[in-house]
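Data file: target31.cif. Format and content: mmCIF, C-alpha atoms.
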```cif
data_input
loop_
_atom_site.label_atom_id
_atom_site.label_comp_id
_atom_site.auth_asym_id
_atom_site.auth_seq_id
_atom_site.Cartn_x
_atom_site.Cartn_y
_atom_site.Cartn_z
CA MET A 1 8.61 18.04 7.86
CA PRO A 2 7.23 21.17 9.50
CA LEU A 3 7.74 24.44 7.67
CA TRP A 4 9.67 26.05 10.53
CA PHE A 5 12.12 23.15 10.55
CA GLU A 6 12.80 23.51 6.84
CA LEU A 7 13.32 27.22 7.22
CA ALA A 8 15.57 26.76 10.28
CA SER A 9 17.67 24.18 8.40
CA LEU A 10 18.11 26.52 5.47
CA MET A 11 18.98 29.47 7.69
CA LEU A 12 21.44 27.41 9.74
CA ALA A 13 23.08 26.16 6.55
CA ALA A 14 23.41 29.73 5.28
CA TYR A 15 24.72 30.84 8.68
CA GLY A 16 27.29 28.03 8.72
CA ALA A 17 28.36 28.83 5.17
CA GLY A 18 28.71 32.50 6.11
CA ILE A 19 30.88 31.67 9.11
CA GLY A 20 33.00 29.30 7.02
CA ILE A 21 33.54 31.85 4.26
CA GLY A 22 34.22 34.61 6.80
CA TRP A 23 36.78 32.49 8.56
CA ALA A 24 38.45 31.52 5.27
CA LEU A 25 38.69 35.16 4.19
CA TRP A 26 39.63 36.89 7.40
CA GLY A 27 40.03 34.47 10.31
CA ARG A 28 42.85 32.49 8.76
CA GLN A 29 44.71 35.68 7.85
CA ASN A 30 44.43 36.98 11.42
CA GLN A 31 45.76 33.67 12.73
CA HIS A 32 48.92 34.08 10.61
CA GLU A 33 49.43 37.69 11.77
CA GLU A 34 49.34 36.79 15.44
CA MET B 1 35.12 41.03 29.13
CA PRO B 2 35.94 39.43 25.76
CA ILE B 3 33.34 37.03 24.32
CA ARG B 4 34.62 33.63 23.30
CA PRO B 5 34.14 33.12 19.52
CA SER B 6 32.64 29.63 19.93
CA PHE B 7 30.04 31.02 22.31
CA ALA B 8 29.19 33.81 19.87
CA ILE B 9 28.83 31.31 17.01
CA LEU B 10 26.56 29.09 19.10
CA ALA B 11 24.45 32.06 20.19
CA GLY B 12 24.17 33.08 16.52
CA ALA B 13 22.90 29.60 15.63
CA VAL B 14 20.30 29.74 18.40
CA VAL B 15 19.15 33.16 17.18
CA CYS B 16 19.01 31.73 13.67
CA VAL B 17 16.72 28.87 14.69
CA ALA B 18 14.56 31.11 16.88
CA SER B 19 14.08 33.66 14.11
CA ALA B 20 13.33 30.89 11.59
CA TYR B 21 10.67 29.54 13.93
CA ALA B 22 9.14 32.98 14.50
CA LEU B 23 9.20 33.78 10.81
CA ALA B 24 7.66 30.43 9.85
CA GLU B 25 4.93 30.72 12.49
CA ARG B 26 4.02 34.12 11.11
CA ALA B 27 4.16 33.28 7.41
CA ALA B 28 3.06 29.62 7.47
CA PRO B 29 -0.74 30.00 7.76
CA GLY B 30 -0.98 32.25 4.69
CA PHE B 31 1.53 30.20 2.71
CA VAL B 32 -0.12 26.88 3.50
CA GLU B 33 -3.55 28.36 2.80
CA ARG B 34 -2.38 29.37 -0.68
CA LEU B 35 -0.95 25.90 -1.30
CA LYS B 36 -4.20 24.33 -0.11
CA THR B 37 -6.33 26.46 -2.42
CA GLN B 38 -4.13 25.71 -5.44
CA SER B 39 -3.94 22.00 -4.57
CA ASP B 40 -7.71 21.73 -4.25
CA ALA B 41 -8.07 23.28 -7.70
CA ALA B 42 -5.40 20.92 -9.09
CA ILE B 43 -7.15 17.89 -7.53
CA ALA B 44 -10.48 18.94 -9.02
CA ASP B 45 -8.83 19.39 -12.45
CA ALA B 46 -7.22 15.95 -12.23
CA GLY B 47 -10.55 14.31 -11.45
CA GLY B 48 -9.74 13.44 -7.86
CA GLU B 49 -13.25 13.38 -6.46
CA GLY B 50 -13.31 13.07 -2.69
CA VAL B 51 -9.55 13.63 -2.36
CA SER B 52 -8.29 16.31 -0.03
CA ALA B 53 -4.77 17.48 0.67
CA ARG B 54 -3.81 17.94 4.33
CA PHE B 55 -0.98 20.43 4.79
CA VAL B 56 -0.57 19.76 8.51
CA ASN B 57 1.72 17.07 9.88
CA ILE B 58 0.88 14.66 12.72
CA ASN B 59 2.04 17.19 15.33
CA GLY B 60 -0.24 19.85 13.91
CA SER B 61 2.55 21.94 12.39
CA PRO B 62 2.02 23.46 8.96
CA THR B 63 4.04 21.74 6.26
CA ARG B 64 4.47 21.96 2.50
CA HIS B 65 4.49 18.14 2.17
CA PRO B 66 0.81 17.26 1.93
CA VAL B 67 -0.86 14.00 2.83
CA LEU B 68 -3.59 13.08 0.37
CA GLU B 69 -6.70 11.60 1.96
CA GLY B 70 -9.79 9.96 0.53
CA GLY B 71 -10.16 8.73 -3.03
CA GLU B 72 -10.05 5.06 -2.09
CA ALA B 73 -12.57 4.32 -4.81
CA LEU B 74 -10.47 5.94 -7.53
CA ASN B 75 -8.38 3.79 -9.82
CA GLU B 76 -4.58 3.77 -9.63
CA ALA B 77 -4.06 5.88 -12.74
CA THR B 78 -6.34 8.63 -11.42
CA ARG B 79 -4.64 8.55 -8.04
CA ALA B 80 -1.24 8.87 -9.70
CA ARG B 81 -2.54 11.78 -11.79
CA VAL B 82 -3.95 13.51 -8.71
CA ALA B 83 -0.69 13.08 -6.81
CA ARG B 84 1.28 14.48 -9.71
CA ALA B 85 -1.09 17.42 -10.10
CA VAL B 86 -0.63 18.34 -6.42
CA TYR B 87 3.13 17.85 -6.71
CA ASP B 88 3.21 20.26 -9.65
CA VAL B 89 1.76 23.11 -7.56
CA PRO B 90 4.68 25.50 -6.99
CA GLY B 91 5.89 25.30 -3.41
CA VAL B 92 4.57 21.81 -2.69
CA GLY B 93 7.17 19.28 -1.57
CA GLY B 94 6.85 15.49 -1.54
CA VAL B 95 3.31 14.12 -1.75
CA VAL B 96 2.17 11.02 0.13
CA TRP B 97 -1.12 9.19 0.29
CA SER B 98 -2.51 8.51 3.73
CA ASP B 99 -3.02 4.85 2.73
CA GLY B 100 0.21 4.24 0.92
CA THR B 101 3.86 4.94 0.38
CA LEU B 102 5.73 7.15 -2.04
CA ARG B 103 6.77 4.38 -4.37
CA ALA B 104 4.38 3.95 -7.22
CA GLU B 105 4.27 0.93 -9.49
CA SER B 106 1.11 1.69 -11.36
CA ASP B 107 2.27 4.50 -13.63
CA GLU B 108 5.47 2.75 -14.64
CA PRO B 109 5.63 1.40 -18.17
CA THR B 110 4.20 -2.08 -18.33
CA TYR B 111 6.66 -4.90 -18.81
CA GLN B 112 6.93 -6.10 -22.37
CA PRO B 113 8.30 -9.63 -22.50
CA LEU B 114 11.08 -10.20 -24.98
CA HIS B 115 10.58 -12.83 -27.62
CA CYS B 116 14.14 -14.07 -27.97
CA GLN B 117 13.46 -17.41 -26.38
CA GLU B 118 10.53 -18.10 -28.70
CA ASP B 119 12.64 -16.97 -31.66
CA VAL B 120 15.48 -19.31 -30.70
CA GLU B 121 13.09 -22.17 -30.02
CA GLY B 122 11.54 -21.54 -33.43
CA LEU B 123 14.98 -21.79 -35.04
CA LEU B 124 15.79 -24.99 -33.18
CA ARG B 125 12.43 -26.62 -33.80
CA THR B 126 13.34 -27.96 -37.20
CA ARG B 127 17.11 -27.89 -37.00
CA SER B 128 19.46 -28.55 -34.13
CA ILE B 129 22.98 -27.65 -33.19
CA ARG B 130 24.88 -30.82 -34.01
CA PHE B 131 28.26 -32.05 -32.95
CA GLU B 132 30.57 -34.74 -34.19
CA GLU B 133 29.91 -38.00 -32.45
CA ALA B 134 31.34 -38.28 -28.94
CA SER B 135 33.01 -34.93 -29.47
CA SER B 136 32.35 -31.28 -28.79
CA ALA B 137 33.37 -30.18 -32.28
CA LEU B 138 30.57 -28.36 -34.08
CA LEU B 139 29.44 -29.62 -37.46
CA PRO B 140 29.79 -26.97 -40.22
CA ALA B 141 26.02 -26.77 -40.74
CA SER B 142 25.58 -25.84 -37.09
CA ARG B 143 27.79 -22.80 -37.51
CA ILE B 144 25.23 -21.20 -39.81
CA LEU B 145 22.50 -22.08 -37.35
CA LEU B 146 24.54 -20.49 -34.55
CA ASP B 147 24.81 -17.29 -36.60
CA GLU B 148 21.01 -17.19 -36.67
CA VAL B 149 20.73 -18.03 -32.98
CA ALA B 150 23.15 -15.22 -32.10
CA GLU B 151 21.10 -12.83 -34.21
CA ALA B 152 17.89 -13.95 -32.46
CA LEU B 153 19.48 -13.50 -29.02
CA ARG B 154 20.73 -10.01 -29.77
CA PRO B 155 17.55 -8.17 -28.65
CA CYS B 156 17.89 -9.88 -25.26
CA LEU B 157 21.34 -8.53 -24.47
CA GLY B 158 21.33 -7.63 -20.80
CA SER B 159 19.36 -10.74 -19.90
CA ILE B 160 20.93 -13.93 -18.66
CA ILE B 161 20.95 -16.58 -21.35
CA ALA B 162 21.30 -20.16 -20.08
CA ILE B 163 22.79 -22.70 -22.46
CA THR B 164 22.14 -26.27 -21.40
CA GLY B 165 23.78 -29.24 -23.05
CA HIS B 166 22.05 -32.64 -23.23
CA THR B 167 23.23 -36.03 -24.47
CA ASP B 168 21.55 -39.35 -25.17
CA LYS B 169 21.90 -42.41 -22.95
CA ALA B 170 24.85 -43.91 -24.87
CA GLY B 171 28.04 -44.09 -22.83
CA THR B 172 28.62 -43.64 -19.14
CA GLU B 173 26.80 -40.91 -17.25
CA PRO B 174 29.94 -39.09 -15.97
CA GLY B 175 31.24 -39.06 -19.53
CA ASN B 176 27.89 -37.76 -20.83
CA LEU B 177 27.83 -35.08 -18.18
CA ALA B 178 31.30 -33.88 -19.11
CA LEU B 179 30.47 -34.04 -22.81
CA SER B 180 27.22 -32.07 -22.43
CA MET B 181 29.06 -29.45 -20.36
CA GLU B 182 31.82 -29.22 -22.94
CA ARG B 183 29.28 -28.85 -25.76
CA ALA B 184 27.46 -26.10 -23.91
CA ARG B 185 30.79 -24.36 -23.40
CA VAL B 186 31.63 -24.65 -27.09
CA VAL B 187 28.27 -23.08 -27.97
CA ARG B 188 28.90 -20.30 -25.45
CA GLU B 189 32.30 -19.56 -26.96
CA ALA B 190 30.77 -19.61 -30.44
CA LEU B 191 28.16 -17.06 -29.33
CA VAL B 192 30.84 -14.89 -27.70
CA ARG B 193 32.69 -14.88 -31.03
CA ARG B 194 29.44 -13.73 -32.64
CA GLY B 195 29.24 -10.71 -30.38
CA ILE B 196 27.10 -11.89 -27.44
CA PRO B 197 28.74 -10.72 -24.20
CA ARG B 198 30.19 -13.56 -22.16
CA ASP B 199 28.90 -12.25 -18.82
CA GLY B 200 25.29 -12.82 -19.89
CA LEU B 201 25.84 -16.45 -20.92
CA ARG B 202 25.66 -19.39 -18.52
CA ALA B 203 26.71 -22.79 -19.83
CA SER B 204 25.77 -26.00 -18.07
CA GLY B 205 25.46 -29.67 -18.92
CA VAL B 206 22.97 -32.19 -17.58
CA GLY B 207 24.13 -35.31 -19.43
CA SER B 208 21.28 -37.67 -20.31
CA SER B 209 19.22 -36.90 -17.20
CA ARG B 210 16.59 -34.84 -19.04
CA PRO B 211 15.60 -36.54 -22.29
CA VAL B 212 13.10 -34.90 -24.62
CA GLU B 213 9.55 -35.68 -23.55
CA GLY B 214 8.20 -38.65 -25.45
CA LEU B 215 11.60 -39.88 -26.60
CA ALA B 216 13.49 -42.92 -25.37
CA PRO B 217 16.61 -41.91 -23.39
CA SER B 218 18.81 -43.67 -25.93
CA ASP B 219 17.36 -41.75 -28.89
CA PRO B 220 20.11 -39.70 -30.60
CA ALA B 221 17.63 -36.80 -30.88
CA ASN B 222 18.27 -36.21 -27.21
CA ARG B 223 21.67 -34.78 -28.09
CA ARG B 224 20.80 -31.15 -28.11
CA ILE B 225 21.50 -27.67 -26.81
CA GLU B 226 18.69 -25.71 -25.17
CA PHE B 227 18.57 -22.00 -24.64
CA SER B 228 16.54 -20.24 -22.01
CA VAL B 229 16.42 -16.51 -21.62
CA ILE B 230 16.19 -15.50 -18.01
CA ARG B 231 15.05 -11.95 -17.97
CA THR B 232 16.68 -9.78 -15.36
CA GLU B 233 14.83 -6.88 -13.85
CA PRO B 234 16.28 -3.69 -15.35
CA LEU B 235 17.52 -1.05 -12.98
CA ARG B 236 14.96 1.68 -12.60
CA PRO B 237 15.52 4.99 -10.91
CA THR B 238 13.02 5.46 -8.11
CA PRO B 239 13.24 9.09 -7.11
CA VAL B 240 11.65 9.55 -3.70
CA ASP B 241 10.01 12.79 -4.76
CA THR B 242 8.06 11.24 -7.60
CA PRO B 243 4.49 11.00 -6.38
CA GLY B 244 2.50 7.99 -7.32
CA ALA B 245 -0.80 6.25 -6.78
CA ARG B 246 0.19 4.78 -3.41
#
```
Show the structure stored in the file as structure tokens.
Amino acid sequence: MPLWFELASLMLAAYGAGIGIGWALWGRQNQHEE
Amino acid sequence: MPIRPSFAILAGAVVCVASAYALAERAAPGFVERLKTQSDAAIADAGGEGVSARFVNINGSPTRHPVLEGGEALNEATRARVARAVYDVPGVGGVVWSDGTLRAESDEPTYQPLHCQEDVEGLLRTRSIRFEEASSALLPASRILLDEVAEALRPCLGSIIAITGHTDKAGTEPGNLALSMERARVVREALVRRGIPRDGLRASGVGSSRPVEGLAPSDPANRRIEFSVIRTEPLRPTPVDTPGAR
């Protein structure tokens, strides 16, 4: 597996986790307020 | 104009991949060079003469999963040691040989055969498990012998133990077959009562079809119970990251 692919996978995983956590903390709340 | 969230998320992912690529392209040569230097030293320490680690994949991209080349003349133990030495370099991922796969057999513990069958055969050489005539009831003396047989089979727990019943030629063959089967079953139950797990025991009867070699089929000595220990291959974990000789 090329190095860039490993790094990209890790960064995408972290990005996805960040989006998921962000949505759980704030996105869901905003949905209820609307 | 408001930006749609899904579009923003997708754009973020693209930026993520692009930056990972740029970062890797910048850092990879130095990183791989360091791995190569350390691996070469590790190979030399492990006695891997003529072995070199290639940290570039088939497309020419730098990788931390090296392919080991050369060393065809080395023995399996040395190859396994070399692979492990490279694998132990911090930062190195899975190691493969250019002429083999990840799964190694050579550095696994060698198979030690169990001696239960010989032990049981030794017990039954001079004595035999005897039944009342034309019946599957065990004679009292055989109970003591069965205690010893169960004790001898204990180290082989986990293997399949086949119990085969035999009769002599007296009587009709269907009757002999049923009798030998019943006797084998009685022995199995007796062993279960002595603590041998039932799921490892297989009872079968062959009637008078297989007399003892050198004996007439009608000889009463053909009435016997035979044990054979069929060793099953134990389950072994085969982690894909464990480097081996091939």
Considering only C-alpha atoms, return as a list in words whatever protein or nucleic-acid residues lie within 6 Å of Val67 (chain B), sequence-local ones (same chain, fewer than 6 positions apart) excluded.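 So, after excluding close chain neighbours, the residues are Ala53, Arg54, Val96, Trp97 and Ser98 of chain B.
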CA of Glu49 (chain B) and CA of Pro62 (chain B) are how many Å apart? 23.9 Å
Within 10 Å of chain B: residues of chain A, using all atoms listed in the file, as a VMD selection string: chain A and resid 1 to 16 19
Residues at most 12 Å from Val149 (chain B), counting all atoms listed in the file, excluding those fewer than 5 positions away in the same chain, as a PyMOL selection string? chain B and resi 116-125+127-129+142-144+154-156+161+163+187-188+190-192+194-196+225-228
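In this model, the gap between CA of Ser159 (chain B) and CA of Ser180 (chain B) comes to 22.9 Å.
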Just the number, please: distance in Å from CA of Pro217 (chain B) to CA of Gly175 (chain B), one decimal.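 Pair CA of Pro217 (chain B) / CA of Gly175 (chain B) returns 15.4 Å.
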With 8 Å of padding per side, what axis-aligned box (centre and edge lengths, Å, one decimal) covers all the listed atoms of region 30-36 of chain B? Give it as JSON.
```
{"center_x": -1.3, "center_y": 28.3, "center_z": 1.7, "size_x": 21.7, "size_y": 23.9, "size_z": 22.0}
```
Which residue is closest to Val212 (chain B)? Choose from B:Asp45, B:Glu148, B:Asp168, B:Asp88 and count all atoms listed in the file.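 That would be B:Asp168, the residue with the smallest distance to Val212 (chain B).
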Matched chain/residue IDs from the PyMOL selection byres ((chain B and resi 83-86) around 7), as a list of chain:residue names: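 Taken over the shown coordinates, the PyMOL selection byres ((chain B and resi 83-86) around 7) returns B:Ser39, B:Ala42, B:Ile43, B:Ala46, B:Arg79, B:Ala80, B:Arg81, B:Val82, B:Tyr87, B:Asp88, B:Val89, B:Val95, B:Pro243, B:Gly244, B:Ala245.
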Keeping only C-alpha atoms, write those residues as a PDB file, in the frame of the given file.
```
ATOM      1  CA  SER B  39      -3.940  22.000  -4.570  1.00  0.00           C
ATOM      2  CA  ALA B  42      -5.400  20.920  -9.090  1.00  0.00           C
ATOM      3  CA  ILE B  43      -7.150  17.890  -7.530  1.00  0.00           C
ATOM      4  CA  ALA B  46      -7.220  15.950 -12.230  1.00  0.00           C
ATOM      5  CA  ARG B  79      -4.640   8.550  -8.040  1.00  0.00           C
ATOM      6  CA  ALA B  80      -1.240   8.870  -9.700  1.00  0.00           C
ATOM      7  CA  ARG B  81      -2.540  11.780 -11.790  1.00  0.00           C
ATOM      8  CA  VAL B  82      -3.950  13.510  -8.710  1.00  0.00           C
ATOM      9  CA  TYR B  87       3.130  17.850  -6.710  1.00  0.00           C
ATOM     10  CA  ASP B  88       3.210  20.260  -9.650  1.00  0.00           C
ATOM     11  CA  VAL B  89       1.760  23.110  -7.560  1.00  0.00           C
ATOM     12  CA  VAL B  95       3.310  14.120  -1.750  1.00  0.00           C
ATOM     13  CA  PRO B 243       4.490  11.000  -6.380  1.00  0.00           C
ATOM     14  CA  GLY B 244       2.500   7.990  -7.320  1.00  0.00           C
ATOM     15  CA  ALA B 245      -0.800   6.250  -6.780  1.00  0.00           C
TER      16      ALA B 245
END
```
Which residues are close to Ala216 (chain B), i.e. within 10 Å by all atoms listed in the file, leaving aside same-chain residues fewer than 5 positions away? Reply as a list in words. Asp168, Lys169, Pro211, Ala221 and Asn222 of chain B
